[in-house]
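Notes for the one structure printed next.
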Amino acid sequence: MFTHKIPQHIPLFTVLTILYFCCINAKSLNFSIDAPFSPAIATWYGSPEGAGSDGGACGFGSNVENAPYNSLISAGNENIYKSGKGCGTCYKVKCTKNVACSGNPVTVTITDECPECNYNQFDLSGKAFGSLAKPGQANTLRVAGKINIQYQRVPCSYGSTTIVFKIDQGSNPFYLAFAILFEEGDGDLASVALIPSKTKNLISMQQSFGATWKTQIPQGTSGPYSVRLTSVESRKSVLAPNVIPADWKPGQIYRSTVNFN
């Protein structure tokens, strides 16, 4: 029988604090501290120095070519793409088994899907794949086509970049959808809510595809709109105030003043 007791001289507050950080809060701790590298396979697609496809299945469009993504992106298999819920997540990848490998990790953002990829396979952009090589040997590594790599999930970090909302071309006064780019931290989102400035009533949004979220606009509702975002692992929330103007237009990009940091 288990008879060991907590020594009486240890304050109850201390015991509860240890239990919280050891057990209850283990999930958030595991995310904040980089997990060990795991084995995977990497291939590449698109042009040798390019960004793969034009934004791919996540809906980021040509933004993947520019800062802060800088073409260092990847398509993921089902386990990584997660039916679009993995869009925006970040991973460190490195290779060591090819003579052209530098062994130095490169951080990539998931911006596309690779439905034909195997379990834990990253289909990197040509630029990201070449960045795994020693100086001057990027083309040598790309010729290999398929290499063994190691990867780990890491928090996204984009410096001073703030969250951006790209209005979907199909949006209209009664239907609003937008792709959400450049989220730091978790990189993925658990929920998104639209807040009209006049009513302050939350309008819950649903994931449409990839990083694009959508909602019906109630009749008589107008902008500007604030947007509340909640991340998946850390459960952090951030409010982008009045980021969607009253005169928003399909195809336009609106930059907030906030991020998860």
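Each chain in the structure tokens gets a letter, A, B and so on, in the order shown; residues start at 1 in every chain, and ligands are counted from 1 in the order they appear.
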Contact residues around Pro196 (chain A) with only C-alpha atoms at 7 Å, ignoring same-chain residues under 2 positions, as an NGL selection string
:A and (194 or 198-201 or 222-226)
Near region 68-87 of chain A, 12 Å: region 224-253 of chain A residue rows, closest pairs, only C-alpha atoms, as a Markdown table:
| residue | atom | partner | partner_atom | distance |
| --- | --- | --- | --- | --- |
| A:Ser231 | CA | A:Lys85 | CA | 11.0 |
| A:Val232 | CA | A:Lys85 | CA | 9.5 |
| A:Glu233 | CA | A:Gly86 | CA | 11.9 |
Using only C-alpha atoms, which protein or nucleic acid residues come within 6 Å of Thr215 (chain A)? Drop anything in the same chain fewer than 4 positions from it, and give the result as a list in words.
Tyr175, Leu176 and Met205 of chain A
What does the distance between CA of Asn139 (chain A) and CA of Asp112 (chain A) come to in Å, to one decimal place?
23.0 Å
For the contact check between region 96-202 of chain A and region 245-257 of chain A, emit one row per residue of region 96-202 of chain A within 7 Å, containing the shortest atom pair and the distance in Å rounded to one decimal, counting only C-alpha atoms, chain then rising number order, as CSV.
residue,atom,partner,partner_atom,distance
A:Thr162,CA,A:Thr257,CA,5.8
A:Ile163,CA,A:Ser256,CA,5.6
A:Val164,CA,A:Arg255,CA,4.4
A:Phe165,CA,A:Tyr254,CA,5.2
A:Lys166,CA,A:Ile253,CA,4.4
A:Ile167,CA,A:Gly251,CA,5.1
A:Asp168,CA,A:Pro250,CA,5.7
A:Gln169,CA,A:Pro250,CA,4.7
A:Gly170,CA,A:Pro250,CA,6.9
A:Ser171,CA,A:Pro250,CA,5.8
Name the residues of region 19-259 of chain A that fall into alpha helix (DSSP H) according to DSSP on the backbone, using the chain letters and numbers of this document, as number ranges by chain.
A: 19, 26-32, 78-81, 126-130, 138-144
Selection above as a file: N, CA and C atoms, as an mmCIF file, in the first residue's frame:
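Saved result, out-v1.cif, follows:
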data_model
loop_
_atom_site.group_PDB
_atom_site.id
_atom_site.type_symbol
_atom_site.label_atom_id
_atom_site.label_comp_id
_atom_site.auth_asym_id
_atom_site.auth_seq_id
_atom_site.Cartn_x
_atom_site.Cartn_y
_atom_site.Cartn_z
ATOM 1 N N LEU A 19 2.620 20.598 -8.485
ATOM 2 C CA LEU A 19 1.682 19.755 -9.240
ATOM 3 C C LEU A 19 1.206 20.458 -10.499
ATOM 4 N N ALA A 26 1.394 20.633 -18.203
ATOM 5 C CA ALA A 26 2.433 19.977 -19.003
ATOM 6 C C ALA A 26 2.299 20.285 -20.482
ATOM 7 N N LYS A 27 1.057 20.400 -20.969
ATOM 8 C CA LYS A 27 0.872 20.612 -22.400
ATOM 9 C C LYS A 27 1.493 21.924 -22.851
ATOM 10 N N SER A 28 1.230 23.022 -22.084
ATOM 11 C CA SER A 28 1.780 24.310 -22.494
ATOM 12 C C SER A 28 3.281 24.345 -22.317
ATOM 13 N N LEU A 29 3.811 23.650 -21.294
ATOM 14 C CA LEU A 29 5.246 23.610 -21.111
ATOM 15 C C LEU A 29 5.924 22.884 -22.252
ATOM 16 N N ASN A 30 5.316 21.791 -22.713
ATOM 17 C CA ASN A 30 5.898 21.026 -23.804
ATOM 18 C C ASN A 30 5.991 21.869 -25.071
ATOM 19 N N PHE A 31 5.039 22.778 -25.251
ATOM 20 C CA PHE A 31 5.095 23.594 -26.451
ATOM 21 C C PHE A 31 6.129 24.699 -26.314
ATOM 22 N N SER A 32 6.258 25.264 -25.118
ATOM 23 C CA SER A 32 7.161 26.390 -24.952
ATOM 24 C C SER A 32 8.621 25.971 -24.966
ATOM 25 N N GLU A 78 -0.564 14.755 -44.491
ATOM 26 C CA GLU A 78 -1.791 14.821 -43.706
ATOM 27 C C GLU A 78 -1.513 15.055 -42.229
ATOM 28 N N ASN A 79 -0.458 14.454 -41.710
ATOM 29 C CA ASN A 79 -0.123 14.567 -40.295
ATOM 30 C C ASN A 79 0.352 15.967 -39.920
ATOM 31 N N ILE A 80 0.888 16.706 -40.884
ATOM 32 C CA ILE A 80 1.431 18.043 -40.627
ATOM 33 C C ILE A 80 0.451 19.129 -41.063
ATOM 34 N N TYR A 81 -0.172 18.939 -42.216
ATOM 35 C CA TYR A 81 -1.130 19.911 -42.736
ATOM 36 C C TYR A 81 -2.429 19.925 -41.925
ATOM 37 N N GLY A 126 11.963 25.073 -53.049
ATOM 38 C CA GLY A 126 13.333 24.912 -53.540
ATOM 39 C C GLY A 126 14.322 25.703 -52.706
ATOM 40 N N LYS A 127 13.935 26.901 -52.282
ATOM 41 C CA LYS A 127 14.841 27.726 -51.475
ATOM 42 C C LYS A 127 15.089 27.095 -50.113
ATOM 43 N N ALA A 128 14.034 26.601 -49.461
ATOM 44 C CA ALA A 128 14.186 25.992 -48.140
ATOM 45 C C ALA A 128 15.038 24.736 -48.211
ATOM 46 N N PHE A 129 14.819 23.923 -49.240
ATOM 47 C CA PHE A 129 15.586 22.689 -49.404
ATOM 48 C C PHE A 129 17.072 23.020 -49.586
ATOM 49 N N GLY A 130 17.361 23.987 -50.439
ATOM 50 C CA GLY A 130 18.749 24.374 -50.677
ATOM 51 C C GLY A 130 19.405 24.994 -49.463
ATOM 52 N N ALA A 138 24.008 23.908 -52.561
ATOM 53 C CA ALA A 138 22.550 23.825 -52.600
ATOM 54 C C ALA A 138 22.064 23.001 -53.784
ATOM 55 N N ASN A 139 22.629 23.232 -54.960
ATOM 56 C CA ASN A 139 22.205 22.478 -56.138
ATOM 57 C C ASN A 139 22.554 20.997 -56.013
ATOM 58 N N THR A 140 23.698 20.699 -55.405
ATOM 59 C CA THR A 140 24.084 19.301 -55.179
ATOM 60 C C THR A 140 23.048 18.600 -54.317
ATOM 61 N N LEU A 141 22.577 19.292 -53.276
ATOM 62 C CA LEU A 141 21.575 18.696 -52.395
ATOM 63 C C LEU A 141 20.237 18.550 -53.106
ATOM 64 N N ARG A 142 19.860 19.549 -53.910
ATOM 65 C CA ARG A 142 18.583 19.464 -54.621
ATOM 66 C C ARG A 142 18.579 18.340 -55.642
ATOM 67 N N VAL A 143 19.741 18.020 -56.222
ATOM 68 C CA VAL A 143 19.821 16.915 -57.176
ATOM 69 C C VAL A 143 19.449 15.597 -56.500
ATOM 70 N N ALA A 144 19.752 15.473 -55.211
ATOM 71 C CA ALA A 144 19.392 14.250 -54.485
ATOM 72 C C ALA A 144 17.889 14.050 -54.468
#
Contacts of Gly59 (chain A) at 7 Å or less, counting only C-alpha atoms, minus same-chain residues fewer than 2 places along, as a PyMOL selection string?
chain A and resi 55-57+61+179+210-212
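Put simply, CA of Val93 (chain A) is 5.6 Å away from CA of Gln150 (chain A).
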Choose the residue, out of A:Asn242, A:Ser125, A:Asn172, A:Gln216, that has the smallest atom-to-atom separation from Trp44 (chain A); count only C-alpha atoms.
A:Ser125
Fewer than 4 positions away in the same chain doesn't count, so skip those; otherwise give me all residues within 10 Å of Lys92 (chain A), counting only C-alpha atoms, as a ChimeraX atom specification.
/A:34,37,104-109,150-155
Give me, as a ChimeraX atom specification, the residues of region 39-179 of chain A that a backbone DSSP run labels strand (DSSP E or B).
/A:39-45,73-76,90-94,101,106-113,121-125,133,147-154,156,164-167,172,175-179
Written file, previous selection with N, CA and C atoms, as a compact mmCIF listing (two decimals), in the first residue's frame:
# COMPACT_ATOMS: atom_id res chain seq x y z
N PRO A 39 12.83 12.01 -36.71
CA PRO A 39 13.22 11.73 -38.11
C PRO A 39 12.07 11.95 -39.08
N ALA A 40 12.40 12.37 -40.28
CA ALA A 40 11.40 12.57 -41.33
C ALA A 40 12.09 12.54 -42.69
N ILE A 41 11.30 12.72 -43.72
CA ILE A 41 11.79 12.76 -45.11
C ILE A 41 11.49 14.14 -45.68
N ALA A 42 12.39 14.65 -46.51
CA ALA A 42 12.15 15.92 -47.19
C ALA A 42 12.33 15.76 -48.69
N THR A 43 11.41 16.35 -49.44
CA THR A 43 11.52 16.50 -50.89
C THR A 43 11.37 18.00 -51.17
N TRP A 44 11.39 18.38 -52.45
CA TRP A 44 11.18 19.79 -52.76
C TRP A 44 10.39 19.94 -54.04
N TYR A 45 9.78 21.12 -54.22
CA TYR A 45 8.98 21.36 -55.42
C TYR A 45 9.08 22.82 -55.83
N ILE A 73 9.37 28.02 -46.83
CA ILE A 73 8.07 27.42 -46.50
C ILE A 73 8.08 25.94 -46.89
N SER A 74 7.00 25.25 -46.50
CA SER A 74 6.90 23.83 -46.81
C SER A 74 5.44 23.42 -46.94
N ALA A 75 5.21 22.44 -47.79
CA ALA A 75 3.94 21.72 -47.79
C ALA A 75 4.09 20.54 -46.83
N GLY A 76 3.00 20.15 -46.21
CA GLY A 76 3.06 19.04 -45.26
C GLY A 76 2.11 17.93 -45.64
N CYS A 90 5.17 26.37 -37.45
CA CYS A 90 6.58 26.47 -37.80
C CYS A 90 7.36 25.26 -37.31
N TYR A 91 8.36 24.87 -38.10
CA TYR A 91 9.21 23.73 -37.79
C TYR A 91 10.66 24.06 -38.10
N LYS A 92 11.55 23.57 -37.25
CA LYS A 92 12.96 23.56 -37.59
C LYS A 92 13.26 22.23 -38.27
N VAL A 93 13.96 22.30 -39.41
CA VAL A 93 14.36 21.09 -40.12
C VAL A 93 15.86 21.15 -40.39
N LYS A 94 16.50 20.00 -40.37
CA LYS A 94 17.93 19.93 -40.67
C LYS A 94 18.25 18.57 -41.26
N CYS A 101 24.87 18.21 -46.76
CA CYS A 101 24.11 18.80 -45.65
C CYS A 101 25.01 19.63 -44.75
N VAL A 106 16.98 24.97 -40.24
CA VAL A 106 16.31 26.08 -40.92
C VAL A 106 14.84 26.05 -40.49
N THR A 107 14.29 27.20 -40.16
CA THR A 107 12.89 27.27 -39.75
C THR A 107 12.00 27.52 -40.96
N VAL A 108 10.97 26.69 -41.12
CA VAL A 108 10.03 26.83 -42.24
C VAL A 108 8.61 26.94 -41.68
N THR A 109 7.75 27.58 -42.47
CA THR A 109 6.34 27.71 -42.12
C THR A 109 5.52 26.83 -43.05
N ILE A 110 4.51 26.14 -42.49
CA ILE A 110 3.62 25.31 -43.31
C ILE A 110 2.62 26.20 -44.03
N THR A 111 2.66 26.19 -45.36
CA THR A 111 1.78 27.03 -46.16
C THR A 111 1.04 26.26 -47.25
N ASP A 112 1.23 24.95 -47.30
CA ASP A 112 0.64 24.17 -48.39
C ASP A 112 0.43 22.73 -47.95
N GLU A 113 -0.30 21.98 -48.75
CA GLU A 113 -0.58 20.57 -48.49
C GLU A 113 0.15 19.70 -49.50
N GLN A 121 6.44 13.69 -43.80
CA GLN A 121 7.23 14.13 -44.94
C GLN A 121 6.98 15.61 -45.18
N PHE A 122 8.06 16.36 -45.35
CA PHE A 122 7.99 17.77 -45.67
C PHE A 122 8.36 17.95 -47.15
N ASP A 123 7.48 18.60 -47.90
CA ASP A 123 7.77 18.94 -49.28
C ASP A 123 8.17 20.41 -49.29
N LEU A 124 9.46 20.66 -49.20
CA LEU A 124 9.98 22.01 -49.01
C LEU A 124 10.00 22.80 -50.31
N SER A 125 9.99 24.12 -50.17
CA SER A 125 10.24 24.95 -51.35
C SER A 125 11.67 24.72 -51.80
N ALA A 133 21.79 23.00 -47.15
CA ALA A 133 23.10 22.56 -47.66
C ALA A 133 24.25 23.42 -47.14
N ILE A 147 15.70 13.43 -49.23
CA ILE A 147 16.73 13.25 -48.21
C ILE A 147 16.11 12.96 -46.85
N ASN A 148 16.90 12.37 -45.99
CA ASN A 148 16.50 12.18 -44.60
C ASN A 148 16.75 13.48 -43.83
N ILE A 149 15.79 13.86 -43.02
CA ILE A 149 15.94 15.06 -42.21
C ILE A 149 15.52 14.77 -40.78
N GLN A 150 15.74 15.74 -39.92
CA GLN A 150 15.18 15.75 -38.58
C GLN A 150 14.38 17.03 -38.42
N TYR A 151 13.31 16.97 -37.64
CA TYR A 151 12.45 18.14 -37.49
C TYR A 151 11.95 18.27 -36.06
N GLN A 152 11.55 19.48 -35.70
CA GLN A 152 10.88 19.72 -34.43
C GLN A 152 9.94 20.90 -34.57
N ARG A 153 8.81 20.83 -33.91
CA ARG A 153 7.85 21.94 -33.89
C ARG A 153 8.42 23.04 -33.00
N VAL A 154 8.35 24.28 -33.48
CA VAL A 154 8.86 25.42 -32.72
C VAL A 154 7.86 26.56 -32.80
N CYS A 156 6.52 30.15 -33.79
CA CYS A 156 6.83 31.04 -34.90
C CYS A 156 7.30 32.39 -34.35
N VAL A 164 -1.72 39.89 -40.30
CA VAL A 164 -2.32 40.47 -41.50
C VAL A 164 -3.56 39.68 -41.90
N PHE A 165 -4.56 40.39 -42.41
CA PHE A 165 -5.81 39.78 -42.87
C PHE A 165 -5.97 40.05 -44.36
N LYS A 166 -6.06 38.97 -45.14
CA LYS A 166 -6.22 39.09 -46.59
C LYS A 166 -7.64 38.69 -46.97
N ILE A 167 -8.44 39.66 -47.41
CA ILE A 167 -9.85 39.42 -47.70
C ILE A 167 -10.01 38.52 -48.92
N ASN A 172 -18.51 39.46 -49.74
CA ASN A 172 -19.50 40.47 -50.13
C ASN A 172 -20.14 41.03 -48.87
N TYR A 175 -21.27 38.23 -46.60
CA TYR A 175 -20.38 37.10 -46.37
C TYR A 175 -18.94 37.61 -46.36
N LEU A 176 -18.24 37.32 -45.28
CA LEU A 176 -16.87 37.81 -45.15
C LEU A 176 -15.93 36.64 -44.86
N ALA A 177 -14.87 36.54 -45.62
CA ALA A 177 -13.85 35.51 -45.40
C ALA A 177 -12.48 36.15 -45.59
N PHE A 178 -11.52 35.71 -44.80
CA PHE A 178 -10.16 36.22 -44.96
C PHE A 178 -9.14 35.21 -44.48
N ALA A 179 -7.98 35.25 -45.14
CA ALA A 179 -6.83 34.45 -44.71
C ALA A 179 -6.08 35.25 -43.65
Record the distance separating CA of Ile217 (chain A) and CA of Leu229 (chain A), expressed in Å with one decimal.
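If I compute the distance from CA of Ile217 (chain A) to CA of Leu229 (chain A), I get 18.0 Å.
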Nearest candidate to Ala100 (chain A) (options A:Cys114, A:Ser237, A:Tyr119, A:Gln137; using only C-alpha atoms):
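Selected residue with least distance to Ala100 (chain A): A:Gln137.
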Tell me which of A:Lys236, A:Lys97, A:Arg228, A:Lys214 sits closest to Lys146 (chain A), counting only C-alpha atoms.
A:Lys97
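When only C-alpha atoms are used to measure the gap to Phe182 (chain A), the shortest distance among A:Gly88, A:Gly145, A:Pro36, A:Gly103 belongs to A:Gly88.
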